[in-house]
>>> print(open('entry-v1.txt').read())   # compact mmCIF, C-alpha atoms
# COMPACT_ATOMS: atom_id res chain seq x y z
CA MET A 1 -17.42 8.88 14.74
CA PRO A 2 -14.25 10.35 13.20
CA THR A 3 -11.25 11.20 15.30
CA SER A 4 -9.50 14.55 15.17
CA ALA A 5 -6.69 12.96 13.19
CA SER A 6 -9.01 11.43 10.58
CA ALA A 7 -11.07 14.61 10.24
CA ILE A 8 -7.93 16.70 9.72
CA ALA A 9 -6.57 14.20 7.18
CA SER A 10 -9.85 14.33 5.24
CA ALA A 11 -9.85 18.12 5.29
CA GLU A 12 -6.26 18.20 4.06
CA ALA A 13 -7.14 15.84 1.22
CA HIS A 14 -10.28 17.60 0.02
CA SER A 15 -9.96 21.32 0.82
CA ALA A 16 -7.68 23.97 -0.62
CA HIS A 17 -4.75 24.69 1.70
CA ASN A 18 -5.47 28.40 2.06
CA TYR A 19 -5.38 28.19 5.86
CA HIS A 20 -3.06 26.51 8.35
CA PRO A 21 -5.36 25.75 11.29
CA LEU A 22 -4.20 24.47 14.61
CA PRO A 23 -4.77 20.68 14.80
CA VAL A 24 -8.00 20.83 16.78
CA VAL A 25 -11.45 19.81 15.49
CA VAL A 26 -14.22 21.67 17.32
CA ALA A 27 -17.58 19.92 17.66
CA SER A 28 -19.45 22.24 20.06
CA ALA A 29 -19.01 25.49 21.92
CA GLN A 30 -20.64 27.58 24.62
CA GLY A 31 -19.65 30.94 26.02
CA ALA A 32 -15.85 31.16 26.00
CA TRP A 33 -15.33 27.40 25.74
CA MET A 34 -15.08 24.99 22.82
CA THR A 35 -15.11 21.18 22.85
CA ASP A 36 -13.45 18.95 20.26
CA ILE A 37 -14.82 15.72 18.82
CA GLU A 38 -13.02 13.65 21.47
CA GLY A 39 -14.54 15.71 24.27
CA ARG A 40 -11.51 17.83 25.17
CA ARG A 41 -12.37 21.38 26.27
CA TYR A 42 -10.50 24.51 25.22
CA LEU A 43 -10.71 28.13 26.31
CA ASP A 44 -11.31 30.25 23.22
CA MET A 45 -8.96 33.23 23.38
CA LEU A 46 -9.46 34.26 19.74
CA ALA A 47 -13.26 34.61 19.42
CA GLY A 48 -13.27 34.16 15.65
CA TYR A 49 -11.04 37.22 15.19
CA SER A 50 -13.66 39.25 17.14
CA ALA A 51 -16.68 37.79 15.32
CA LEU A 52 -17.68 36.07 18.57
CA ASN A 53 -17.54 39.06 20.90
CA PHE A 54 -20.68 37.81 22.66
CA GLY A 55 -19.49 34.24 22.99
CA HIS A 56 -20.47 30.95 21.44
CA GLY A 57 -24.14 30.00 21.51
CA ASN A 58 -25.24 33.29 23.05
CA ARG A 59 -28.84 32.60 24.05
CA ARG A 60 -30.21 35.97 22.97
CA LEU A 61 -28.64 35.68 19.54
CA ILE A 62 -29.59 32.04 19.01
CA ASP A 63 -33.20 32.74 20.04
CA ALA A 64 -33.38 35.72 17.68
CA ALA A 65 -32.05 33.58 14.83
CA LYS A 66 -34.42 30.70 15.58
CA ALA A 67 -37.45 32.97 15.72
CA GLN A 68 -36.54 34.54 12.38
CA LEU A 69 -35.82 31.15 10.77
CA GLU A 70 -39.47 30.24 11.34
CA ARG A 71 -40.70 33.40 9.59
CA VAL A 72 -38.62 34.40 6.56
CA THR A 73 -34.88 34.25 5.86
CA LEU A 74 -34.46 35.90 2.46
CA THR A 75 -36.42 38.19 0.17
CA SER A 76 -33.49 39.69 -1.74
CA ARG A 77 -33.56 43.46 -2.03
CA ALA A 78 -36.19 43.13 -4.75
CA PHE A 79 -38.75 43.49 -1.94
CA HIS A 80 -38.92 45.14 1.46
CA HIS A 81 -39.06 42.99 4.57
CA ASP A 82 -40.20 43.86 8.08
CA ARG A 83 -36.79 43.78 9.79
CA PHE A 84 -34.84 45.96 7.37
CA ALA A 85 -35.94 49.46 8.34
CA ASP A 86 -35.46 48.78 12.05
CA PHE A 87 -31.98 47.36 11.44
CA CYS A 88 -30.85 50.34 9.39
CA THR A 89 -32.36 52.83 11.82
CA ARG A 90 -30.91 51.23 14.94
CA LEU A 91 -27.44 50.72 13.45
CA ALA A 92 -27.32 54.30 12.20
CA GLU A 93 -28.27 55.48 15.71
CA LEU A 94 -25.59 53.30 17.32
CA CYS A 95 -23.00 54.87 15.01
CA GLY A 96 -24.32 58.42 15.28
CA MET A 97 -24.83 58.39 11.51
CA GLU A 98 -27.76 58.66 9.12
CA MET A 99 -27.59 55.84 6.57
CA VAL A 100 -26.61 52.18 6.34
CA LEU A 101 -25.62 50.08 3.34
CA PRO A 102 -25.70 46.43 4.44
CA MET A 103 -23.54 43.68 2.98
CA ASN A 104 -22.43 40.24 4.16
CA THR A 105 -18.68 39.89 4.71
CA GLY A 106 -16.10 42.36 5.88
CA ALA A 107 -14.33 42.34 2.53
CA GLU A 108 -17.61 43.16 0.78
CA ALA A 109 -18.10 46.10 3.10
CA VAL A 110 -14.58 47.37 2.40
CA GLU A 111 -15.21 47.07 -1.34
CA THR A 112 -18.45 48.98 -0.81
CA ALA A 113 -16.60 51.72 1.08
CA VAL A 114 -14.06 52.02 -1.75
CA LYS A 115 -16.83 52.31 -4.34
CA THR A 116 -18.70 54.81 -2.18
CA ALA A 117 -15.62 57.01 -1.73
CA ARG A 118 -14.86 57.01 -5.43
CA LYS A 119 -18.44 57.81 -6.42
CA TRP A 120 -18.58 60.57 -3.80
CA GLY A 121 -15.30 61.94 -5.14
CA TYR A 122 -16.63 62.17 -8.67
CA ARG A 123 -20.20 63.26 -7.90
CA VAL A 124 -19.63 65.58 -4.93
CA LYS A 125 -15.99 66.61 -4.68
CA GLY A 126 -15.55 67.01 -8.43
CA VAL A 127 -12.49 64.81 -8.96
CA PRO A 128 -11.89 64.15 -12.69
CA ASP A 129 -13.25 60.79 -13.84
CA GLY A 130 -10.82 57.93 -13.25
CA GLN A 131 -8.43 59.99 -11.09
CA ALA A 132 -9.72 59.27 -7.57
CA LYS A 133 -7.05 58.27 -5.06
CA ILE A 134 -7.49 56.55 -1.69
CA ILE A 135 -4.71 56.63 0.90
CA VAL A 136 -4.16 53.53 3.03
CA ALA A 137 -1.62 52.50 5.67
CA GLY A 138 1.22 50.03 5.44
CA ASN A 139 0.69 46.68 7.20
CA ASN A 140 -3.05 47.04 6.68
CA PHE A 141 -5.49 44.17 6.52
CA HIS A 142 -8.86 44.97 4.98
CA GLY A 143 -9.71 41.65 3.31
CA ARG A 144 -8.62 39.43 0.46
CA THR A 145 -10.40 40.48 -2.74
CA THR A 146 -8.25 41.41 -5.73
CA THR A 147 -8.85 45.13 -5.19
CA ILE A 148 -8.07 44.95 -1.48
CA VAL A 149 -4.87 42.92 -1.84
CA SER A 150 -3.78 45.46 -4.46
CA PHE A 151 -3.02 47.84 -1.59
CA SER A 152 -1.68 45.26 0.87
CA THR A 153 1.97 45.32 1.91
CA ASP A 154 1.82 41.67 2.99
CA GLN A 155 3.41 39.75 0.12
CA GLU A 156 1.93 36.47 1.34
CA ALA A 157 -1.55 37.94 0.85
CA ARG A 158 -0.67 39.84 -2.34
CA ALA A 159 1.74 37.77 -4.44
CA ASP A 160 0.52 36.14 -7.68
CA TYR A 161 -2.81 37.98 -7.80
CA GLY A 162 -1.90 40.74 -10.25
CA PRO A 163 -2.58 42.75 -12.28
CA TYR A 164 -3.45 44.98 -9.36
CA THR A 165 -6.12 47.63 -9.04
CA PRO A 166 -4.71 51.18 -9.28
CA GLY A 167 -5.87 54.23 -7.34
CA PHE A 168 -4.32 53.60 -3.93
CA GLU A 169 -1.35 55.14 -2.17
CA ILE A 170 0.29 53.49 0.83
CA VAL A 171 1.85 55.53 3.65
CA PRO A 172 3.36 54.34 6.95
CA TYR A 173 0.82 53.69 9.68
CA GLY A 174 0.95 56.37 12.35
CA ASP A 175 2.85 58.90 10.21
CA LEU A 176 0.78 62.08 9.91
CA ALA A 177 3.46 63.91 7.95
CA ALA A 178 3.55 61.17 5.30
CA LEU A 179 -0.23 61.19 5.14
CA GLU A 180 -0.37 64.94 4.62
CA ALA A 181 2.35 64.79 1.95
CA ALA A 182 0.42 62.10 0.05
CA MET A 183 -2.79 64.13 -0.16
CA THR A 184 -3.67 65.81 -3.46
CA ASP A 185 -6.78 67.39 -4.91
CA ASP A 186 -7.65 63.92 -6.28
CA THR A 187 -7.60 62.25 -2.86
CA VAL A 188 -11.13 61.14 -1.99
CA ALA A 189 -10.55 59.09 1.17
CA VAL A 190 -8.17 57.87 3.84
CA LEU A 191 -8.94 54.26 4.78
CA LEU A 192 -7.49 53.08 8.11
CA GLU A 193 -7.90 50.53 10.87
CA PRO A 194 -7.99 52.47 14.17
CA ILE A 195 -6.02 49.51 15.53
CA GLN A 196 -4.30 47.19 13.08
CA GLY A 197 -5.39 43.67 14.02
CA GLU A 198 -3.72 41.29 11.58
CA ALA A 199 -0.48 43.27 11.85
CA GLY A 200 -0.27 42.27 15.52
CA VAL A 201 -2.79 44.53 17.30
CA LEU A 202 -0.86 47.72 16.58
CA VAL A 203 -2.22 50.74 18.45
CA PRO A 204 -1.18 54.09 16.95
CA GLN A 205 0.35 56.76 19.12
CA SER A 206 -2.03 59.08 20.94
CA GLY A 207 -3.25 61.87 18.72
CA TYR A 208 -2.82 60.02 15.42
CA LEU A 209 -6.51 59.40 14.73
CA ALA A 210 -7.39 62.94 15.78
CA GLY A 211 -4.70 64.19 13.42
CA VAL A 212 -6.11 62.12 10.58
CA ARG A 213 -9.54 63.56 11.29
CA GLU A 214 -8.16 67.11 11.20
CA LEU A 215 -6.24 66.57 7.95
CA THR A 216 -9.11 64.91 6.13
CA ARG A 217 -11.59 67.56 7.18
CA ALA A 218 -9.25 70.34 6.05
CA ARG A 219 -8.71 68.75 2.62
CA ASP A 220 -12.32 67.66 1.97
CA VAL A 221 -11.35 63.99 2.15
CA LEU A 222 -13.43 61.19 3.67
CA PHE A 223 -12.04 59.48 6.77
CA ILE A 224 -13.07 55.82 6.58
CA ALA A 225 -12.57 53.77 9.75
CA ASP A 226 -12.39 50.02 9.25
CA GLU A 227 -13.78 48.87 12.60
CA ILE A 228 -14.53 45.32 11.46
CA GLN A 229 -12.29 43.86 14.19
CA SER A 230 -11.87 46.81 16.55
CA GLY A 231 -15.50 47.87 16.71
CA LEU A 232 -18.60 46.79 18.62
CA GLY A 233 -17.14 46.59 22.11
CA ARG A 234 -13.79 44.89 21.61
CA THR A 235 -11.60 47.75 22.89
CA GLY A 236 -13.81 48.85 25.79
CA ARG A 237 -15.75 51.37 23.69
CA THR A 238 -18.35 50.78 21.00
CA PHE A 239 -15.76 51.94 18.45
CA ALA A 240 -11.98 52.18 18.79
CA CYS A 241 -12.12 55.70 17.32
CA GLU A 242 -13.90 56.83 20.47
CA HIS A 243 -10.69 56.52 22.48
CA GLU A 244 -9.55 59.73 20.78
CA GLY A 245 -12.97 61.33 20.59
CA VAL A 246 -12.94 60.92 16.80
CA VAL A 247 -15.98 60.43 14.58
CA PRO A 248 -15.02 59.36 11.04
CA ASP A 249 -17.08 60.04 7.94
CA MET A 250 -17.73 56.35 7.47
CA TYR A 251 -17.61 53.19 9.57
CA ILE A 252 -16.98 49.77 8.06
CA LEU A 253 -18.49 47.09 10.31
CA GLY A 254 -18.63 43.30 10.21
CA LYS A 255 -17.63 40.26 12.25
CA ALA A 256 -19.32 40.87 15.65
CA LEU A 257 -22.30 42.52 13.93
CA GLY A 258 -23.47 39.02 13.04
CA GLY A 259 -22.78 37.70 16.53
CA GLY A 260 -20.87 34.71 15.18
CA VAL A 261 -24.22 33.36 13.93
CA VAL A 262 -24.48 34.72 10.39
CA PRO A 263 -22.21 36.95 8.28
CA VAL A 264 -23.36 40.56 8.52
CA SER A 265 -21.45 43.66 7.45
CA ALA A 266 -22.31 47.26 6.73
CA VAL A 267 -21.05 50.64 5.67
CA VAL A 268 -22.51 53.39 7.86
CA SER A 269 -22.24 57.07 6.96
CA SER A 270 -24.11 60.29 6.35
CA ALA A 271 -26.86 60.87 3.81
CA ALA A 272 -24.49 63.19 1.97
CA VAL A 273 -22.07 60.31 1.39
CA LEU A 274 -24.27 57.22 0.98
CA GLY A 275 -26.82 59.33 -0.88
CA VAL A 276 -24.60 59.13 -3.98
CA PHE A 277 -26.07 55.72 -4.85
CA ALA A 278 -29.04 55.25 -7.12
CA PRO A 279 -30.96 51.96 -7.64
CA GLY A 280 -28.95 49.42 -9.59
CA GLU A 281 -25.54 50.98 -8.94
CA HIS A 282 -24.52 48.61 -6.13
CA GLY A 283 -26.10 45.73 -4.29
CA SER A 284 -26.04 42.25 -2.78
CA THR A 285 -28.66 39.50 -2.92
CA PHE A 286 -28.09 38.50 0.71
CA GLY A 287 -27.09 41.93 2.04
CA GLY A 288 -29.56 43.03 4.71
CA ASN A 289 -31.53 39.77 4.60
CA PRO A 290 -34.19 39.17 7.31
CA LEU A 291 -32.13 36.59 9.23
CA ALA A 292 -29.06 38.84 9.27
CA CYS A 293 -31.12 41.83 10.36
CA ALA A 294 -32.78 39.88 13.18
CA VAL A 295 -29.44 38.78 14.63
CA ALA A 296 -27.78 42.16 14.14
CA LEU A 297 -30.69 43.92 15.83
CA GLU A 298 -30.10 41.79 18.92
CA VAL A 299 -26.38 42.62 18.77
CA ILE A 300 -27.23 46.33 18.65
CA ALA A 301 -29.62 45.96 21.59
CA MET A 302 -26.89 44.27 23.62
CA LEU A 303 -24.41 47.03 22.82
CA ASP A 304 -26.97 49.70 23.71
CA THR A 305 -26.73 48.68 27.37
CA GLY A 306 -22.99 49.43 27.54
CA GLU A 307 -22.48 46.23 29.54
CA PHE A 308 -20.13 44.59 27.06
CA GLN A 309 -18.05 47.70 26.50
CA GLN A 310 -17.61 48.00 30.26
CA ARG A 311 -16.61 44.33 30.59
CA ALA A 312 -14.04 44.73 27.83
CA ALA A 313 -12.63 47.83 29.50
CA GLU A 314 -12.41 46.32 33.00
CA LEU A 315 -11.20 42.86 32.02
CA GLY A 316 -8.94 44.44 29.43
CA GLU A 317 -7.20 46.51 32.08
CA HIS A 318 -6.57 43.31 34.03
CA LEU A 319 -5.40 41.46 30.90
CA HIS A 320 -2.87 44.13 29.96
CA HIS A 321 -1.59 44.42 33.53
CA GLU A 322 -0.90 40.69 33.66
CA LEU A 323 0.63 40.59 30.18
CA GLY A 324 2.78 43.61 31.00
CA LEU A 325 4.39 41.63 33.83
CA LEU A 326 5.70 39.17 31.23
CA VAL A 327 7.69 41.80 29.35
CA GLY A 328 11.36 41.78 30.31
CA GLY A 329 11.26 38.23 31.62
CA GLY A 330 12.97 36.88 28.54
CA ALA A 331 10.09 35.16 26.74
CA VAL A 332 8.05 38.25 25.77
CA GLN A 333 9.53 41.25 23.98
CA ALA A 334 6.46 43.49 23.83
CA VAL A 335 2.71 43.62 24.44
CA ARG A 336 0.24 45.91 22.69
CA GLY A 337 -3.49 46.34 22.55
CA ARG A 338 -6.59 47.87 24.04
CA GLY A 339 -9.51 46.37 25.90
CA LEU A 340 -9.83 42.61 25.52
CA TRP A 341 -7.42 42.58 22.58
CA ALA A 342 -3.68 42.07 22.72
CA GLY A 343 -0.71 41.26 20.55
CA VAL A 344 2.15 39.50 22.31
CA ASP A 345 5.59 39.46 20.64
CA ILE A 346 7.47 36.29 21.50
CA THR A 347 11.25 36.31 21.85
CA PRO A 348 12.46 34.13 18.94
CA SER A 349 14.66 31.99 21.20
CA HIS A 350 11.52 30.92 23.09
CA GLY A 351 9.66 29.79 19.99
CA THR A 352 7.65 31.08 17.06
CA GLY A 353 4.12 32.36 17.41
CA ARG A 354 2.91 29.10 15.90
CA GLU A 355 4.89 27.02 18.37
CA ILE A 356 3.55 28.97 21.35
CA SER A 357 0.01 28.60 19.95
CA GLU A 358 0.51 24.84 19.71
CA ARG A 359 1.90 24.66 23.26
CA LEU A 360 -1.15 26.57 24.48
CA MET A 361 -3.46 24.21 22.59
CA THR A 362 -2.00 21.22 24.43
CA ARG A 363 -2.76 23.12 27.66
CA GLY A 364 -6.38 23.78 26.69
CA VAL A 365 -6.17 27.34 25.34
CA LEU A 366 -6.73 28.39 21.72
CA VAL A 367 -5.01 31.47 20.25
CA LYS A 368 -3.53 32.21 16.82
CA ASP A 369 -0.22 33.51 15.61
CA THR A 370 0.49 36.23 13.06
CA HIS A 371 3.63 37.44 11.30
CA GLY A 372 5.85 34.74 12.71
CA SER A 373 6.60 35.86 16.24
CA THR A 374 3.32 37.32 17.51
CA ILE A 375 0.28 35.72 19.11
CA ARG A 376 -3.08 37.45 19.34
CA LEU A 377 -5.42 37.30 22.31
CA ALA A 378 -9.05 38.31 21.81
CA PRO A 379 -11.32 36.32 24.12
CA PRO A 380 -15.10 36.71 23.96
CA LEU A 381 -16.29 39.70 25.95
CA VAL A 382 -18.41 37.32 28.06
CA ILE A 383 -15.34 35.54 29.46
CA SER A 384 -15.20 35.43 33.25
CA LYS A 385 -12.23 36.85 35.14
CA GLU A 386 -11.59 33.37 36.53
CA ASP A 387 -11.41 31.83 33.06
CA LEU A 388 -9.25 34.69 31.81
CA ASP A 389 -6.81 34.11 34.66
CA TRP A 390 -6.84 30.37 33.96
CA GLY A 391 -5.88 31.11 30.36
CA LEU A 392 -3.14 33.52 31.43
CA ASP A 393 -1.71 30.86 33.75
CA ARG A 394 -1.51 28.49 30.78
CA LEU A 395 0.21 31.18 28.74
CA ARG A 396 2.88 31.57 31.42
CA ALA A 397 3.39 27.81 31.44
CA ALA A 398 3.66 27.65 27.65
CA LEU A 399 6.23 30.44 27.63
CA ALA A 400 8.28 28.66 30.29
CA ALA A 401 8.26 25.30 28.47
>>> encode(input="entry-v1.txt", output="structure tokens")
Amino acid sequence: MPTSASAIASAEAHSAHNYHPLPVVVASAQGAWMTDIEGRRYLDMLAGYSALNFGHGNRRLIDAAKAQLERVTLTSRAFHHDRFADFCTRLAELCGMEMVLPMNTGAEAVETAVKTARKWGYRVKGVPDGQAKIIVAGNNFHGRTTTIVSFSTDQEARADYGPYTPGFEIVPYGDLAALEAAMTDDTVAVLLEPIQGEAGVLVPQSGYLAGVRELTRARDVLFIADEIQSGLGRTGRTFACEHEGVVPDMYILGKALGGGVVPVSAVVSSAAVLGVFAPGEHGSTFGGNPLACAVALEVIAMLDTGEFQQRAAELGEHLHHELGLLVGGGAVQAVRGRGLWAGVDITPSHGTGREISERLMTRGVLVKDTHGSTIRLAPPLVISKEDLDWGLDRLRAALAA
């Protein structure tokens, strides 16, 4: 059996170096815990960037996947299958919307939302052909396709991939005045993360999302909420937009929708918006496949109970209280977040985000850094309070080292 060192060396030799993983090789996982190939256990405080909201090996999700594996896994959209209608209906109901366009990955769903907004702009709003503009926020992260990185402000994600796709305008996140100034008659959509995850779990000031909703409605512009990371229970509500009582024109969903079992994403909106598509104008061979639908239906059923949203809210309050006590002690400059999701800014003299992540790993806790000095905490929503406190104790020790 390979060791962690040999497995990492083999991966380094034979895979493109597009990631810089922590030096741990996971062999199995259950709930909020992962075990490496030498048998060491680690508390997962990242949850696959919110893809594993319901924990590793969730019995309901695994059973749903196994049952569907025995029946049919793929038909392509050339034919109907018996899980598709129920999936679309139930997801639309969860979102308070009317129609669903299923895809696979989050980036595919964002691309789908961009295409939808442009087509709506031309067919419904009457924007001249080729002139549609979409406003996005600085420090965004919506994926890594060539179109999406065209409107990224992260040079690490963007550099060397030009020529870039036109049609996007970037304004500062949280700045309603800049957003209003950027709007023209050719603006078809505003695309935002209600909480910016990759940027360090940045929560906008109160009233920002409501202001965006008011501006977009007044100017006949679609408000597109990218809830790929923030949605489906992570923040203590089904959607992060709910914290301001806001309903966008379109949700972009992914990650937790597949329960960490299969990739599932979707654009969810009204019939007036998604009704712009005709057969052949957009699609995906695997989008809305039977296996994906079966797992996602179980995810929706779990969210329907409200149990996981409540856990995220209650444990999140505890998490942020404990993290708040670290601010001002020298090692932590700031803490942000909502629900079971937090960004912790490390004082540079105490180490980089990567160094703190590595110290935590040696203490049995797995997190991930971003933008140099920040670590992100996003444990599975099934984590126990005892395990959460155990992880927080290790964080305090890592910061003191």
>>> residues_around(input="entry-v1.txt", residues="segment 301-313 of chain A", least_positions_apart="4", cutoff="8 Å", atoms="all atoms listed in the file", output="list in words")
Leu94, Leu232, Gly233, Arg234, Thr235, Gly236, Arg237, Thr238, Leu297, Glu317, Gly339, Leu340, Leu381 and Val382 of chain A
>>> residues_around(input="entry-v1.txt", residues="Arg60 of chain A", least_positions_apart="5", cutoff="12 Å", atoms="all atoms listed in the file", output="compact mmCIF listing (two decimals) with C-alpha atoms, in the frame of the given file")
# COMPACT_ATOMS: atom_id res chain seq x y z
CA PHE A 54 -20.68 37.81 22.66
CA GLY A 55 -19.49 34.24 22.99
CA ALA A 65 -32.05 33.58 14.83
CA LYS A 66 -34.42 30.70 15.58
CA ALA A 67 -37.45 32.97 15.72
CA GLY A 259 -22.78 37.70 16.53
CA VAL A 261 -24.22 33.36 13.93
CA ALA A 294 -32.78 39.88 13.18
CA VAL A 295 -29.44 38.78 14.63
CA ALA A 296 -27.78 42.16 14.14
CA LEU A 297 -30.69 43.92 15.83
CA GLU A 298 -30.10 41.79 18.92
CA VAL A 299 -26.38 42.62 18.77
CA ILE A 300 -27.23 46.33 18.65
CA ALA A 301 -29.62 45.96 21.59
CA MET A 302 -26.89 44.27 23.62
>>> closest_residue(input="entry-v1.txt", among="A:Ser384, A:Asn104, A:Ser4, A:Gln30", to="Tyr42 of chain A", atoms="only C-alpha atoms")
A:Gln30
>>> closest_residue(input="entry-v1.txt", among="A:Ile170, A:Ala9, A:Ile252, A:Leu179", to="Gly143 of chain A", atoms="all atoms listed in the file")
A:Ile252
>>> closest_residue(input="entry-v1.txt", among="A:Thr145, A:Thr352, A:Asn53, A:Thr374", to="Ala109 of chain A", atoms="all atoms listed in the file")
A:Thr145
>>> residues_around(input="entry-v1.txt", residues="Gly260 of chain A", least_positions_apart="4", cutoff="9 Å", atoms="only C-alpha atoms", output="PyMOL selection string")
chain A and resi 47-48+50-57+61+255-256
>>> closest_residue(input="entry-v1.txt", among="A:Ala378, A:Val267, A:Met1, A:Leu366", to="Ala398 of chain A", atoms="all atoms listed in the file")
A:Leu366
>>> residues_around(input="entry-v1.txt", residues="Leu222 of chain A", least_positions_apart="5", cutoff="10 Å", atoms="all atoms listed in the file", output="list in words")
Ala117, Trp120, Gly121, Ile134, Thr187, Val188, Ala189, Val190, Leu191, Arg213, Leu215, Thr216, Arg217, Pro248, Asp249, Met250 and Val273 of chain A
>>> residues_near_point(input="entry-v1.txt", point="(-17.7, 34.7, 34.4)", cutoff="12 Å", atoms="only C-alpha atoms", output="list in words")
Gly31, Ala32, Trp33, Gly55, Arg311, Leu315, Pro380, Leu381, Val382, Ile383, Ser384, Lys385, Glu386, Asp387, Leu388, Asp389 and Trp390 of chain A
>>> closest_residue(input="entry-v1.txt", among="A:Lys125, A:Leu274, A:Leu257, A:Leu395", to="Arg219 of chain A", atoms="only C-alpha atoms")
A:Lys125
>>> residues_around(input="entry-v1.txt", residues="Tyr161 of chain A", least_positions_apart="3", cutoff="12 Å", atoms="only C-alpha atoms", output="PDB file with C-alpha atoms, keeping the file's coordinate frame")
ATOM      1  CA  ARG A 144      -8.620  39.430   0.460  1.00  0.00           C
ATOM      2  CA  THR A 145     -10.400  40.480  -2.740  1.00  0.00           C
ATOM      3  CA  THR A 146      -8.250  41.410  -5.730  1.00  0.00           C
ATOM      4  CA  THR A 147      -8.850  45.130  -5.190  1.00  0.00           C
ATOM      5  CA  ILE A 148      -8.070  44.950  -1.480  1.00  0.00           C
ATOM      6  CA  VAL A 149      -4.870  42.920  -1.840  1.00  0.00           C
ATOM      7  CA  SER A 150      -3.780  45.460  -4.460  1.00  0.00           C
ATOM      8  CA  PHE A 151      -3.020  47.840  -1.590  1.00  0.00           C
ATOM      9  CA  SER A 152      -1.680  45.260   0.870  1.00  0.00           C
ATOM     10  CA  GLN A 155       3.410  39.750   0.120  1.00  0.00           C
ATOM     11  CA  GLU A 156       1.930  36.470   1.340  1.00  0.00           C
ATOM     12  CA  ALA A 157      -1.550  37.940   0.850  1.00  0.00           C
ATOM     13  CA  ARG A 158      -0.670  39.840  -2.340  1.00  0.00           C
ATOM     14  CA  TYR A 164      -3.450  44.980  -9.360  1.00  0.00           C
ATOM     15  CA  THR A 165      -6.120  47.630  -9.040  1.00  0.00           C
TER      16      THR A 165
END
>>> closest_residue(input="entry-v1.txt", among="A:Gly372, A:Gly174, A:Pro263, A:Pro290", to="Ala137 of chain A", atoms="only C-alpha atoms")
A:Gly174
